[in-house]
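A.B. asks: Just one file: run03.cif, with mmCIF, C-alpha atoms (C1' of nucleotides).
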```
data_protein
loop_
_atom_site.label_atom_id
_atom_site.label_comp_id
_atom_site.auth_asym_id
_atom_site.auth_seq_id
_atom_site.Cartn_x
_atom_site.Cartn_y
_atom_site.Cartn_z
CA MET M 1 26.22 119.08 159.11
CA GLY M 2 28.04 118.86 155.79
CA TRP M 3 26.15 119.25 152.56
CA GLU M 4 26.51 115.56 151.84
CA GLU M 5 24.70 114.46 154.96
CA GLU M 6 22.09 117.11 154.47
CA THR M 7 21.46 116.08 150.90
CA TRP M 8 21.48 112.43 151.82
CA GLN M 9 18.83 113.07 154.44
CA ALA M 10 16.69 115.08 152.06
CA LEU M 11 16.86 112.29 149.53
CA ARG M 12 15.99 109.58 151.99
CA GLU M 13 13.11 111.53 153.44
CA SER M 14 11.51 111.65 150.04
CA GLY M 15 12.00 107.93 149.53
CA HIS M 16 15.13 108.12 147.42
CA ARG M 17 18.46 106.38 147.86
CA LEU M 18 22.00 107.56 147.90
CA THR M 19 24.03 105.61 145.38
CA PRO M 20 27.65 106.06 144.33
CA GLN M 21 26.45 107.34 140.97
CA ARG M 22 24.34 109.97 142.61
CA LEU M 23 27.14 111.00 144.86
CA LEU M 24 29.40 111.54 141.89
CA ILE M 25 26.77 113.56 140.10
CA LEU M 26 26.15 115.62 143.20
CA SER M 27 29.85 116.26 143.62
CA ALA M 28 30.18 117.36 140.04
CA LEU M 29 27.37 119.87 140.53
CA ARG M 30 28.74 121.07 143.83
CA ASN M 31 32.31 121.42 142.68
CA ALA M 32 31.42 123.19 139.49
CA GLY M 33 30.00 126.08 141.49
CA GLY M 34 28.22 127.16 138.35
CA HIS M 35 26.31 125.90 135.38
CA LEU M 36 26.91 122.56 133.78
CA THR M 37 25.33 120.79 130.85
CA ALA M 38 24.23 117.20 131.25
CA ALA M 39 27.03 116.20 128.90
CA GLN M 40 29.61 117.94 131.06
CA ILE M 41 28.32 116.17 134.13
CA LEU M 42 28.44 112.83 132.37
CA GLU M 43 31.99 113.44 131.23
CA GLN M 44 33.14 114.48 134.65
CA VAL M 45 31.56 111.51 136.38
CA LYS M 46 33.04 109.15 133.80
CA GLU M 47 36.51 110.13 134.94
CA SER M 48 35.88 108.38 138.24
CA TYR M 49 33.42 105.78 137.04
CA PRO M 50 33.42 105.08 133.32
CA TYR M 51 30.42 102.73 133.36
CA ILE M 52 27.91 105.42 134.19
CA ASP M 53 25.13 105.68 131.66
CA VAL M 54 23.63 108.86 130.22
CA SER M 55 20.21 107.79 131.38
CA THR M 56 21.39 107.66 134.97
CA VAL M 57 22.60 111.22 134.74
CA TYR M 58 19.31 112.45 133.33
CA ARG M 59 17.26 110.46 135.79
CA THR M 60 19.29 111.77 138.69
CA LEU M 61 18.98 115.32 137.44
CA ASN M 62 15.23 114.87 137.31
CA VAL M 63 15.13 113.66 140.87
CA LEU M 64 17.24 116.57 142.05
CA LYS M 65 15.17 118.95 140.00
CA SER M 66 11.92 117.72 141.49
CA MET M 67 13.40 118.18 144.94
CA ARG M 68 14.61 121.61 143.89
CA LEU M 69 18.18 120.88 144.81
CA VAL M 70 19.28 121.86 141.34
CA SER M 71 17.85 124.27 138.83
CA GLU M 72 17.41 123.60 135.16
CA THR M 73 17.68 126.55 132.83
CA ASP M 74 16.70 126.58 129.20
CA ILE M 75 19.18 128.84 127.49
CA GLY M 76 17.49 128.41 124.14
CA GLY M 77 18.13 126.04 121.30
CA GLY M 78 17.17 123.17 123.55
CA GLU M 79 20.35 123.62 125.60
CA TYR M 80 19.86 123.13 129.29
CA LEU M 81 22.14 124.12 132.13
CA TYR M 82 22.04 122.58 135.58
CA GLU M 83 23.17 124.29 138.71
CA TRP M 84 23.32 123.51 142.40
CA LEU M 85 20.54 125.55 144.01
CA ASP M 86 22.24 126.47 147.20
CA GLN M 87 23.64 129.81 146.37
CA GLU M 88 22.46 133.28 145.59
CA ARG M 89 19.66 133.16 143.11
CA HIS M 90 20.47 134.84 139.86
CA HIS M 91 19.15 134.91 136.34
CA HIS M 92 20.37 135.38 132.82
CA LEU M 93 19.82 137.73 129.97
CA ILE M 94 20.78 136.06 126.72
CA CYS M 95 21.33 138.19 123.66
CA ARG M 96 19.71 136.65 120.65
CA GLU M 97 22.12 138.45 118.33
CA CYS M 98 25.49 137.73 119.90
CA ASP M 99 24.61 135.03 122.50
CA THR M 100 26.24 137.03 125.25
CA LEU M 101 25.14 136.09 128.72
CA THR M 102 24.49 138.79 131.32
CA LEU M 103 23.63 138.21 134.95
CA LEU M 104 20.33 139.56 136.14
CA ASP M 105 19.95 140.25 139.81
CA HIS M 106 17.31 138.21 141.61
CA SER M 107 15.71 141.36 143.04
CA PHE M 108 14.11 142.08 139.67
CA LEU M 109 12.08 138.92 139.89
CA GLU M 110 11.34 138.89 143.60
CA ASN M 111 8.64 141.46 143.02
CA LEU M 112 7.12 139.45 140.27
CA GLY M 113 7.05 136.38 142.45
CA ALA M 114 5.29 138.20 145.24
CA GLU M 115 2.75 139.79 142.91
CA ILE M 116 1.86 136.48 141.32
CA LEU M 117 1.46 134.89 144.70
CA ASP M 118 -0.81 137.70 145.87
CA ASP M 119 -3.00 137.86 142.82
CA TYR M 120 -3.20 134.24 141.77
CA GLY M 121 -2.36 132.29 144.91
CA PHE M 122 0.22 130.63 142.70
CA GLN M 123 3.64 130.11 144.23
CA PRO M 124 6.09 130.45 141.34
CA ASP M 125 9.44 128.68 141.24
CA ILE M 126 11.54 131.66 140.39
CA ASP M 127 14.83 129.87 140.66
CA HIS M 128 16.57 130.55 137.47
CA PHE M 129 15.20 132.42 134.54
CA ALA M 130 16.77 132.86 131.16
CA ILE M 131 15.36 135.78 129.28
CA SER M 132 16.22 136.28 125.66
CA GLY M 133 16.42 139.63 123.97
CA VAL M 134 18.91 142.07 122.47
CA CYS M 135 21.78 143.53 124.45
CA GLN M 136 22.84 147.16 124.46
CA GLN M 137 25.74 146.66 122.06
CA CYS M 138 23.69 144.80 119.51
CA ARG M 139 20.91 147.33 119.77
CA ASP M 140 23.38 150.06 118.93
CA LYS M 141 24.69 148.03 116.06
CA LEU M 142 21.23 147.35 114.68
CA GLU M 143 20.36 151.00 115.08
CA ARG M 144 23.29 152.05 112.92
CA SER M 145 22.61 149.55 110.12
CA PRO M 146 18.85 149.15 110.17
CA ARG M 147 18.45 146.51 107.47
CA ALA M 148 19.70 143.34 109.15
CA MET P 1 -3.30 144.87 103.76
CA GLY P 2 -4.15 141.29 104.74
CA TRP P 3 -1.92 139.37 107.06
CA GLU P 4 -0.72 137.20 104.20
CA GLU P 5 0.69 140.08 102.21
CA GLU P 6 2.14 141.62 105.32
CA THR P 7 3.85 138.40 106.33
CA TRP P 8 5.01 137.74 102.82
CA GLN P 9 6.63 141.15 102.69
CA ALA P 10 8.29 140.67 106.06
CA LEU P 11 9.71 137.36 104.91
CA ARG P 12 11.01 138.70 101.63
CA GLU P 13 12.57 141.72 103.23
CA SER P 14 14.69 139.47 105.39
CA GLY P 15 15.78 137.41 102.40
CA HIS P 16 13.36 134.55 102.80
CA ARG P 17 11.00 133.04 100.28
CA LEU P 18 7.35 132.31 100.37
CA THR P 19 6.74 128.68 99.57
CA PRO P 20 3.50 126.71 99.59
CA GLN P 21 4.73 124.76 102.60
CA ARG P 22 5.31 127.94 104.53
CA LEU P 23 1.93 129.26 103.60
CA LEU P 24 0.30 126.13 104.95
CA ILE P 25 2.26 126.33 108.16
CA LEU P 26 1.42 129.99 108.54
CA SER P 27 -2.24 129.28 107.96
CA ALA P 28 -2.24 126.55 110.55
CA LEU P 29 -0.77 128.93 113.09
CA ARG P 30 -3.14 131.72 112.15
CA ASN P 31 -6.25 129.61 112.14
CA ALA P 32 -5.49 127.91 115.40
CA GLY P 33 -5.71 131.21 117.19
CA GLY P 34 -3.87 129.61 120.06
CA HIS P 35 -1.06 127.27 120.94
CA LEU P 36 0.01 124.39 118.76
CA THR P 37 2.71 121.80 119.09
CA ALA P 38 4.99 121.14 116.13
CA ALA P 39 3.32 117.76 115.76
CA GLN P 40 -0.11 119.33 115.54
CA ILE P 41 1.10 121.72 112.89
CA LEU P 42 2.62 118.89 110.91
CA GLU P 43 -0.58 116.90 111.10
CA GLN P 44 -2.72 119.80 110.04
CA VAL P 45 -0.52 120.69 107.09
CA LYS P 46 -0.43 117.07 106.00
CA GLU P 47 -4.16 117.19 105.41
CA SER P 48 -3.60 119.53 102.49
CA TYR P 49 -0.14 118.39 101.49
CA PRO P 50 0.87 114.94 102.71
CA TYR P 51 4.45 115.13 101.43
CA ILE P 52 5.53 117.76 103.92
CA ASP P 53 8.46 116.69 106.06
CA VAL P 54 8.88 117.24 109.79
CA SER P 55 12.14 119.02 109.17
CA THR P 56 10.39 121.61 107.03
CA VAL P 57 8.00 122.35 109.85
CA TYR P 58 10.80 122.81 112.35
CA ARG P 59 12.89 124.86 109.99
CA THR P 60 9.98 127.12 109.18
CA LEU P 61 9.15 127.54 112.84
CA ASN P 62 12.73 128.59 113.44
CA VAL P 63 12.54 131.18 110.71
CA LEU P 64 9.29 132.56 112.05
CA LYS P 65 10.65 132.51 115.56
CA SER P 66 13.75 134.45 114.59
CA MET P 67 11.52 137.02 112.92
CA ARG P 68 9.34 137.03 115.99
CA LEU P 69 6.21 136.24 114.06
CA VAL P 70 5.58 133.27 116.33
CA SER P 71 6.47 132.61 119.93
CA GLU P 72 7.90 129.39 121.25
CA THR P 73 7.00 128.46 124.81
CA ASP P 74 8.63 125.73 126.81
CA ILE P 75 5.90 124.30 128.98
CA GLY P 76 8.30 121.89 130.64
CA GLY P 77 9.22 118.33 129.87
CA GLY P 78 10.67 119.48 126.59
CA GLU P 79 7.20 120.23 125.23
CA TYR P 80 7.06 123.35 123.13
CA LEU P 81 4.06 125.31 122.02
CA TYR P 82 4.02 127.69 119.08
CA GLU P 83 1.70 130.60 118.72
CA TRP P 84 1.10 133.38 116.23
CA LEU P 85 2.47 136.54 117.82
CA ASP P 86 -0.07 139.01 116.64
CA GLN P 87 -2.44 139.05 119.52
CA GLU P 88 -2.59 140.11 123.10
CA ARG P 89 0.48 139.01 124.93
CA HIS P 90 -0.17 136.61 127.73
CA HIS P 91 1.79 134.16 129.82
CA HIS P 92 1.32 130.91 131.63
CA LEU P 93 1.59 129.65 135.15
CA ILE P 94 2.08 125.90 135.12
CA CYS P 95 1.49 123.95 138.30
CA ARG P 96 4.22 121.42 138.83
CA GLU P 97 1.92 119.25 140.94
CA CYS P 98 -1.22 119.03 138.81
CA ASP P 99 -0.02 120.51 135.48
CA THR P 100 -2.86 122.99 135.44
CA LEU P 101 -2.31 125.97 133.20
CA THR P 102 -3.34 129.44 134.33
CA LEU P 103 -3.16 132.60 132.26
CA LEU P 104 -0.97 135.36 133.58
CA ASP P 105 -1.71 138.86 132.44
CA HIS P 106 1.01 140.58 130.45
CA SER P 107 0.93 143.60 132.75
CA PHE P 108 2.86 141.64 135.38
CA LEU P 109 5.82 141.37 133.09
CA GLU P 110 5.65 144.74 131.40
CA ASN P 111 7.25 146.28 134.46
CA LEU P 112 10.00 143.74 134.48
CA GLY P 113 10.73 144.42 130.84
CA ALA P 114 10.98 148.14 131.41
CA GLU P 115 13.20 147.74 134.45
CA ILE P 116 15.60 145.46 132.66
CA LEU P 117 15.79 147.85 129.76
CA ASP P 118 16.49 150.78 132.07
CA ASP P 119 19.11 149.09 134.20
CA TYR P 120 20.90 146.88 131.72
CA GLY P 121 20.15 148.43 128.35
CA PHE P 122 18.96 144.98 127.43
CA GLN P 123 15.74 144.76 125.46
CA PRO P 124 14.07 141.57 126.60
CA ASP P 125 11.74 139.52 124.39
CA ILE P 126 8.93 139.17 126.85
CA ASP P 127 6.60 137.47 124.45
CA HIS P 128 5.49 134.39 126.18
CA PHE P 129 6.68 133.15 129.51
CA ALA P 130 5.87 129.89 131.16
CA ILE P 131 6.47 129.98 134.88
CA SER P 132 6.33 126.81 136.87
CA GLY P 133 5.30 126.61 140.48
CA VAL P 134 2.49 125.36 142.69
CA CYS P 135 -1.10 126.51 142.32
CA GLN P 136 -3.39 127.52 145.15
CA GLN P 137 -5.26 124.22 145.25
CA CYS P 138 -2.14 122.12 145.37
CA ARG P 139 -0.64 124.38 148.00
CA ASP P 140 -3.69 123.80 150.17
CA LYS P 141 -3.44 120.10 149.57
CA LEU P 142 0.25 119.99 150.45
CA GLU P 143 -0.42 122.09 153.51
CA ARG P 144 -2.90 119.56 154.81
CA SER P 145 -0.67 116.53 154.23
CA PRO P 146 2.86 117.87 154.73
CA ARG P 147 4.90 114.78 153.92
CA ALA P 148 4.62 114.55 150.15
"C1'" DA O 1 9.35 134.70 79.03
"C1'" DT O 2 14.09 132.84 80.18
"C1'" DG O 3 17.88 131.77 82.70
"C1'" DA O 4 20.92 132.42 86.78
"C1'" DT O 5 21.14 132.48 91.53
"C1'" DT O 6 20.41 130.80 95.86
"C1'" DA O 7 17.01 129.65 99.47
"C1'" DT O 8 14.28 125.73 100.47
"C1'" DT O 9 12.70 121.04 100.31
"C1'" DG O 10 12.45 115.94 101.20
"C1'" DC O 11 15.06 112.27 102.27
"C1'" DA O 12 18.26 109.69 104.99
"C1'" DA O 13 21.33 109.54 108.56
"C1'" DT O 14 22.42 111.30 113.00
"C1'" DT O 15 22.08 113.26 117.50
"C1'" DG O 16 20.41 113.87 122.16
"C1'" DG O 17 17.43 112.36 125.37
"C1'" DT O 18 13.85 108.92 127.21
"C1'" DT O 19 11.84 104.44 128.40
"C1'" DG O 20 11.14 99.34 129.41
"C1'" DC O 21 13.18 95.88 131.48
"C1'" DA O 22 15.96 92.44 134.03
"C1'" DG O 23 19.45 92.23 137.23
"C1'" DG O 24 21.73 94.58 141.07
"C1'" DT O 25 21.91 97.21 145.45
"C1'" DG O 26 20.72 100.52 149.27
"C1'" DC O 27 18.25 100.56 153.24
"C1'" DA O 28 15.53 99.09 157.23
"C1'" DA O 29 13.89 95.38 160.01
"C1'" DC O 30 14.87 91.56 162.14
"C1'" DG J 1 24.73 89.35 159.71
"C1'" DT J 2 20.89 88.16 156.95
"C1'" DT J 3 16.77 88.97 154.46
"C1'" DG J 4 13.22 91.34 151.78
"C1'" DC J 5 11.61 94.89 149.19
"C1'" DA J 6 11.54 98.78 146.54
"C1'" DC J 7 14.52 101.71 144.25
"C1'" DC J 8 18.16 102.25 141.06
"C1'" DT J 9 21.30 101.03 137.23
"C1'" DG J 10 22.99 99.82 132.61
"C1'" DC J 11 21.67 98.21 128.47
"C1'" DA J 12 19.18 98.37 124.28
"C1'" DA J 13 15.40 99.89 121.82
"C1'" DC J 14 13.05 103.89 120.93
"C1'" DC J 15 11.46 108.63 119.81
"C1'" DA J 16 11.64 113.54 118.67
"C1'" DA J 17 14.24 116.81 116.61
"C1'" DT J 18 18.39 118.28 113.76
"C1'" DT J 19 21.65 118.15 109.98
"C1'" DG J 20 24.02 117.12 105.37
"C1'" DC J 21 23.02 116.72 100.87
"C1'" DA J 22 21.32 116.60 96.16
"C1'" DA J 23 17.34 118.02 93.73
"C1'" DT J 24 13.90 121.55 93.30
"C1'" DA J 25 11.77 125.89 92.87
"C1'" DA J 26 11.17 131.01 94.23
"C1'" DT J 27 12.93 135.30 93.06
"C1'" DC J 28 15.40 138.64 90.28
"C1'" DA J 29 17.67 140.62 86.17
"C1'" DT J 30 17.52 140.51 81.64
#
```
Please re-express this file's structure in structure tokens.

C.D. replies:
Amino acid sequence: MGWEEETWQALRESGHRLTPQRLLILSALRNAGGHLTAAQILEQVKESYPYIDVSTVYRTLNVLKSMRLVSETDIGGGEYLYEWLDQERHHHLICRECDTLTLLDHSFLENLGAEILDDYGFQPDIDHFAISGVCQQCRDKLERSPRA
Amino acid sequence: MGWEEETWQALRESGHRLTPQRLLILSALRNAGGHLTAAQILEQVKESYPYIDVSTVYRTLNVLKSMRLVSETDIGGGEYLYEWLDQERHHHLICRECDTLTLLDHSFLENLGAEILDDYGFQPDIDHFAISGVCQQCRDKLERSPRA
DNA sequence: ATGATTATTGCAATTGGTTGCAGGTGCAAC
DNA sequence: GTTGCACCTGCAACCAATTGCAATAATCAT
């Protein structure tokens, strides 16, 4: 079964409908194979269907988010990235000095997820974390010239 | 040395100035001894100084955030909480079904921080996490009536 | 104290995202 | 194929937060 049918079924089973707009948004997310901002999705969909409204994009993203078909990641500064949640989980380290983005392997957080589940009975959605901090390079730099 | 002098010095050393507005915002954060929204801070400061502008509150929070004197926590839905970062670190588990907030001990994340530092040379700001998921109660509930 | 410098403020305008609503449309049942 | 209903869409109004700007005021050197 192709991803379209699968997604369509998942949507319908939770009482949602498959509309052309949603299909376009889904395609954009699928094709991207990576992170997109809401604005990028809007832009891309507009190429095929210029009448789409921003609100439709956001509403669709919320639906997909609540079904955990896409992840929403806060990369700071109120910027959000959306990503199709079908692939290898991974996470981000974002340097607060130089904004560099580093991938963080999911294994680091698997533990955490299991521990939280054991101790609190709370099943965490550890889909996509963005952790801010200072990267190696910037730490070196700050070390050398202490007074920022 | 009182916290005011200490904060004042920290601000000045990074080229910032201590203004009455900032003092009021700092006091609000200190007194609260917990989480506040920007709106709550604004309201509280307005009691002493009604002319304060929202933008001043946000700008000050950004300054304090960048100095890591306060933490900013995204509790989902674009809601942010601010908290004076002088106390015991702790984190939140937020149930996506019932919105209940559970405290998560910092020890769970200390490990993670150390591991990331070791393996990536990246020093993470693990000040205040908000992890969404499903709490025990809601998991039981969902278990009993599978089709949500 | 005084004045120069420059961060900060309040205002107004703007941006980015959300919401209420009336009309349109997917879906299932017939 | 037709019908009915609930969901979905686009629009416009709305709201929260950010930004540009001129005026103000905190700090420093004198």

A.B. asks: State, in Å with one decimal place, the distance from CA of Phe129 in chain M to CA of Tyr58 in chain P.

C.D. replies: 24.6 Å

A.B. asks: With all atoms listed in the file as the atoms that count, which of M:Arg89, M:Arg30, M:Arg12, M:Arg68 lies nearest to chain J?

C.D. replies: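 Of M:Arg89, M:Arg30, M:Arg12, M:Arg68, the one nearest chain J is M:Arg12, counting all atoms listed in the file.
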
A.B. asks: Using the chain letters and residue numbers of this document, give as a PyMOL selection string the residues selected by the PyMOL selection byres ((chain M) within 12 of (chain J)).

C.D. replies: chain M and resi 12+14-22+50-57+59-60+63+77-78

A.B. asks: I need the contact residues of chain P against chain M, so if you could list those with any atom within 6 Å, counting only C-alpha atoms, and return them as a list of chain:residue names, that would help.

C.D. replies: P:Gly121, P:Phe122, P:Gln123, P:Pro124, P:Asp125, P:Ser132, P:Gly133, P:Val134, P:Cys135, P:Gln136

A.B. asks: Each side padded by 4 Å, which centre and which edge lengths in Å (one decimal) define the axis-aligned box around the listed atoms of range 9-23 of chain J? Give them as AutoDock Vina command-line options.

C.D. replies:
```
--center_x 17.7 --center_y 108.2 --center_z 115.5 --size_x 20.6 --size_y 28.1 --size_z 51.5
```

A.B. asks: Distance cut-off 8 Å, counting only C-alpha atoms (C1' of nucleotides) - which residues of chain O neighbour chain M? Return them as a ChimeraX atom specification.

C.D. replies: /O:18,26-27

A.B. asks: What does the distance between CA of Leu24 in chain M and CA of Ser48 in chain M come to in Å, to one decimal place?

C.D. replies: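 Result for CA of Leu24 in chain M versus CA of Ser48 in chain M: 8.1 Å, one decimal.
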
A.B. asks: Please compute the CA of Thr73 in chain P-CA of His35 in chain P distance, one decimal, in Å.

C.D. replies: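 Here the two named atoms are 9.0 Å from each other.
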